[in-house]
Amino acid sequence: MDPDLINGGQQVLNSIPNAVPSLSKLDRNVAVLVPCFNEALTVGQVVRGFISALPEATIYVYDNNSSDRTADIARSAGAVVRLERRQGKGNVVRRMFADVDAACYVMVDGDDTYDPAAAAEAVKLVTIYGYDFVNIARKPTDTEVYRRGHRIGNKVLTQTVRSFFGRDTSDMLSGYKVMSRRFVKSFPAMSSGFETETELTVHALEMRMPMHEICAAYKDRPKGSISKLRTYRDGVRIILLIARLVKDERPFGFFGTLGALIGLFGVALGIPVVLTFFETGLVPRLPTAVLSVGLVMIGWLAIFTGIILDVVTKARQEFKRIAYLSIGRSPTL
């Protein structure tokens with residue numbers, strides 16, 4: 001976890017003046033969004049925790065075809081329960097963002113691993129200081145909470161995104177995020193599964209939104225609760241999503257690099273053929289010569305494709321930015 005990001009977030013929180021509106025007033029137009037699939041063991045505690053942390057907020061639990069009593073328990077605990085039939089967290093997020101209208105949105109997993117108390121400070125950062133996206137990075141309460149494979153995978157994937165899009169987050173895959181209305185209503189939710197966290201982070205980075213990161217305690221699931229994350233399957237999906245986002249949002253870098261590699265390979269194949277021709281006046285390896293010329297041509301085509309797509313992408317980003325800015329932060333704040 002990047003200490004500069006965490007320390008910077010703490011400095012902002014410490015600078016919040018005493019004369020700001022009380023949390024009970026700020027959270028009246030806050031929506032807590034909880035995507036759930038078979039979380040009967042934990043969802044009640046999650047709902048009660050956020051009712052305590054944000055007393056005036058509305059808690060929405062979106063049940064994603066659970067086969068247990070997730071919906072009933074959430075409703076009994078005080079949540080508004082809705083159903084999303086399309087399986088996958090990304091599909092649930094798309095539905096939540098479309099259905100719910102609020103000034104500030106808190107999105108958290110229903111597995112009771114995140115600290116509800118952290119939401120209060122993150123809501124202040126959004127509603128008072130105007131941040132559009134606050135990521136709540138995980139701080140494990142025990143070394144066994146965060147599996148080593150997941151920790152390494154998260155670090156590698158986060159560093160990859162930081163390299164291409166920006167270095168404003170240290171825990172991209174955290175399921176605990178607080179967002180403004182204009183973030184949520186301008187978010188082009190395309191993912192269907194757990195890769196949606198990556199898509200959320202890249203959207204904030206690409207739009208150059210005011211964003212911040214704080215940290216909060218992260219504990220293990222209660223005994224009997226099972227994670228829905230599949231390490232290898234979902235890891236591959238996230239890698240493919242990052243590749244697609246790089247292709248879509250950084251086309252010149254993507255196609256330019258690909259074209260340069262293909263072109264260099266073609267040149268490497270062609271050098272012996274050219275040297276032989278200068279020595280003997282013959283081209284004994286005609287297929288190699290044809291392949292070399294073809295690869296060089298493909299390389300140049302890829303580079304020019306990247307240049308053209310880069311112009312198109314910049315225009316598309318400008319339209320996305322205009323659409324994002326046209327959405328009011330809130331009609332009630």
# chains A, B, ... in the order shown; residues from 1 in each chain; ligands from 1
$ residues_around --residues "range 124-140 of chain A" --least-positions-apart "3" --cutoff "7 Å" --atoms "only C-alpha atoms" --output "VMD selection string"
chain A and resid 120 to 121 143 145 to 146 171 174 176 to 180 183 204 209 to 219
$ residues_around --residues "range 280-297 of chain A" --least-positions-apart "5" --cutoff "10 Å" --atoms "only C-alpha atoms" --output "PyMOL selection string"
chain A and resi 259-275+302-303
$ write_last_selection --atoms "C-alpha atoms" --output "CSV table (one decimal), in the first residue's frame"
chain,number,residue,atom,x,y,z
A,259,GLY,CA,3.4,-2.6,-34.8
A,260,ALA,CA,7.0,-1.8,-33.8
A,261,LEU,CA,7.5,-5.4,-32.5
A,262,ILE,CA,6.1,-6.9,-35.6
A,263,GLY,CA,8.1,-4.6,-37.8
A,264,LEU,CA,11.3,-5.3,-36.0
A,265,PHE,CA,10.7,-9.1,-36.2
A,266,GLY,CA,10.2,-8.6,-40.0
A,267,VAL,CA,13.4,-6.7,-40.3
A,268,ALA,CA,15.3,-9.3,-38.3
A,269,LEU,CA,14.0,-12.0,-40.7
A,270,GLY,CA,14.9,-9.9,-43.7
A,271,ILE,CA,18.5,-8.9,-42.8
A,272,PRO,CA,20.1,-12.3,-43.8
A,273,VAL,CA,18.1,-12.3,-47.0
A,274,VAL,CA,19.4,-8.8,-47.9
A,275,LEU,CA,23.0,-9.7,-47.0
A,302,ALA,CA,-0.6,-1.2,-37.0
A,303,ILE,CA,1.3,2.0,-36.2
$ residues_around --residues "Phe304 in chain A" --least-positions-apart "5" --cutoff "10 Å" --atoms "only C-alpha atoms" --output "list in words"
Phe252, Phe255, Gly256, Gly259, Ile298, Gly299, Leu309 and Asp310 of chain A
$ write_last_selection --atoms "C-alpha atoms" --output "PDB file, in the first residue's frame"
ATOM      1  CA  PHE A 252      -1.404   4.575 -30.090  1.00  0.00           C
ATOM      2  CA  PHE A 255      -0.974  -0.582 -31.638  1.00  0.00           C
ATOM      3  CA  GLY A 256       2.256   1.398 -31.927  1.00  0.00           C
ATOM      4  CA  GLY A 259       3.415  -2.615 -34.813  1.00  0.00           C
ATOM      5  CA  ILE A 298       1.766  -5.046 -41.141  1.00  0.00           C
ATOM      6  CA  GLY A 299       3.881  -3.268 -38.541  1.00  0.00           C
ATOM      7  CA  LEU A 309      -7.558   5.510 -33.359  1.00  0.00           C
ATOM      8  CA  ASP A 310      -5.737   7.848 -30.986  1.00  0.00           C
TER       9      ASP A 310
END
$ select_by_dssp --residues "range 40-235 of chain A" --states "strand (DSSP E or B)" --output "ChimeraX atom specification"
/A:58-63,80-83,104-107,114,133-140,177-180,211-218
$ closest_residue --among "A:Ser186, A:Thr160, A:Ser192, A:Thr169" --to "Arg86 in chain A" --atoms "only C-alpha atoms"
A:Ser192
$ closest_residue --among "A:Ala102, A:Val184, A:Ala77, A:Leu33" --to "Gln45 in chain A" --atoms "only C-alpha atoms"
A:Ala77
$ residues_around --residues "Ala323 in chain A" --least-positions-apart "2" --cutoff "12 Å" --atoms "only C-alpha atoms" --output "PyMOL selection string"
chain A and resi 182-188+207+316-321+325-328
$ residues_around --residues "Met107 in chain A" --least-positions-apart "2" --cutoff "10 Å" --atoms "only C-alpha atoms" --output "list in words"
Ala31, Val32, Leu33, Val34, Pro35, Tyr60, Val93, Met96, Cys104, Tyr105, Asp109, Gly110, Ala119, Gly175, Tyr176, Lys177, Val178 and Met179 of chain A
$ write_last_selection --atoms "C-alpha atoms" --output "short mmCIF file (atom, residue, chain, number, x, y, z; two decimals), in the first residue's frame"
data_model
loop_
_atom_site.label_atom_id
_atom_site.label_comp_id
_atom_site.auth_asym_id
_atom_site.auth_seq_id
_atom_site.Cartn_x
_atom_site.Cartn_y
_atom_site.Cartn_z
CA ALA A 31 -27.20 5.38 -0.83
CA VAL A 32 -25.31 2.33 0.41
CA LEU A 33 -25.22 -0.26 -2.37
CA VAL A 34 -24.58 -3.88 -1.37
CA PRO A 35 -24.36 -6.48 -4.18
CA TYR A 60 -29.95 -1.10 -0.88
CA VAL A 93 -23.40 -2.76 -10.37
CA MET A 96 -27.68 -0.41 -9.06
CA CYS A 104 -23.38 10.08 -2.74
CA TYR A 105 -23.00 6.33 -3.20
CA ASP A 109 -19.44 -6.14 -0.59
CA GLY A 110 -21.94 -8.06 1.52
CA ALA A 119 -17.75 5.20 5.21
CA GLY A 175 -14.78 -3.72 -3.04
CA TYR A 176 -15.33 -0.66 -0.82
CA LYS A 177 -15.70 2.62 -2.74
CA VAL A 178 -17.54 5.91 -2.25
CA MET A 179 -18.63 7.87 -5.33
#
$ select_by_dssp --residues "range 96-323 of chain A" --states "alpha helix (DSSP H)" --output "number ranges by chain"
A: 96-99, 118-127, 148-165, 181-186, 196-206, 231-249, 251-280, 286-323
$ atom_distance --atom1 "CA of Val61 in chain A" --atom2 "CA of Ala74 in chain A"
6.8 Å
$ closest_residue --among "A:Ile322, A:Val43, A:Leu301, A:Val246" --to "Asp72 in chain A" --atoms "only C-alpha atoms"
A:Val43
$ atom_distance --atom1 "CA of Gly88 in chain A" --atom2 "CA of Ala117 in chain A"
27.1 Å
$ residues_around --residues "Cys36 in chain A" --least-positions-apart "2" --cutoff "9 Å" --atoms "only C-alpha atoms" --output "ChimeraX atom specification"
/A:34,38-40,43,61-66,70-71,89,92,109-111
$ write_last_selection --atoms "N, CA and C atoms" --output "CSV table (one decimal), in the first residue's frame"
chain,number,residue,atom,x,y,z
A,34,VAL,N,-25.2,-2.6,-1.8
A,34,VAL,CA,-24.6,-3.9,-1.4
A,34,VAL,C,-25.0,-5.0,-2.4
A,38,ASN,N,-25.7,-15.2,-2.2
A,38,ASN,CA,-25.6,-16.2,-1.1
A,38,ASN,C,-24.7,-15.7,0.1
A,39,GLU,N,-25.2,-14.5,0.7
A,39,GLU,CA,-24.5,-13.9,1.8
A,39,GLU,C,-25.4,-13.9,3.0
A,40,ALA,N,-26.3,-14.9,3.2
A,40,ALA,CA,-27.2,-15.0,4.3
A,40,ALA,C,-26.5,-14.9,5.7
A,43,VAL,N,-25.0,-10.8,5.6
A,43,VAL,CA,-25.6,-9.6,5.1
A,43,VAL,C,-26.3,-8.8,6.2
A,61,VAL,N,-29.8,-3.5,-0.9
A,61,VAL,CA,-29.2,-4.8,-1.1
A,61,VAL,C,-29.8,-5.4,-2.4
A,62,TYR,N,-28.9,-5.6,-3.3
A,62,TYR,CA,-29.3,-6.2,-4.6
A,62,TYR,C,-28.9,-7.7,-4.6
A,63,ASP,N,-29.9,-8.5,-4.6
A,63,ASP,CA,-29.7,-10.0,-4.5
A,63,ASP,C,-29.6,-10.5,-5.9
A,64,ASN,N,-28.5,-11.2,-6.1
A,64,ASN,CA,-28.1,-11.7,-7.4
A,64,ASN,C,-28.4,-13.2,-7.5
A,65,ASN,N,-29.7,-13.6,-7.5
A,65,ASN,CA,-30.1,-15.0,-7.6
A,65,ASN,C,-29.6,-15.9,-6.5
A,66,SER,N,-29.6,-15.4,-5.2
A,66,SER,CA,-29.2,-16.2,-4.1
A,66,SER,C,-30.1,-17.4,-3.9
A,70,THR,N,-30.7,-14.7,1.8
A,70,THR,CA,-30.0,-13.4,1.8
A,70,THR,C,-31.0,-12.2,1.7
A,71,ALA,N,-32.0,-12.3,0.8
A,71,ALA,CA,-33.0,-11.2,0.6
A,71,ALA,C,-33.8,-11.0,1.9
A,89,LYS,N,-21.3,-9.8,-10.6
A,89,LYS,CA,-21.2,-8.5,-9.9
A,89,LYS,C,-21.3,-7.3,-10.8
A,92,VAL,N,-24.8,-6.5,-11.6
A,92,VAL,CA,-25.5,-6.0,-10.4
A,92,VAL,C,-25.1,-4.5,-10.3
A,109,ASP,N,-19.1,-4.7,-0.5
A,109,ASP,CA,-19.4,-6.1,-0.6
A,109,ASP,C,-20.3,-6.6,0.6
A,110,GLY,N,-21.1,-7.6,0.5
A,110,GLY,CA,-21.9,-8.1,1.5
A,110,GLY,C,-21.3,-9.2,2.4
A,111,ASP,N,-20.0,-9.3,2.4
A,111,ASP,CA,-19.4,-10.4,3.1
A,111,ASP,C,-18.9,-10.1,4.5
$ atom_distance --atom1 "CA of Met172 in chain A" --atom2 "CA of Phe254 in chain A"
21.8 Å
$ closest_residue --among "A:Pro116, A:Pro222, A:Gly306, A:Gly90" --to "Phe50 in chain A" --atoms "only C-alpha atoms"
A:Pro116
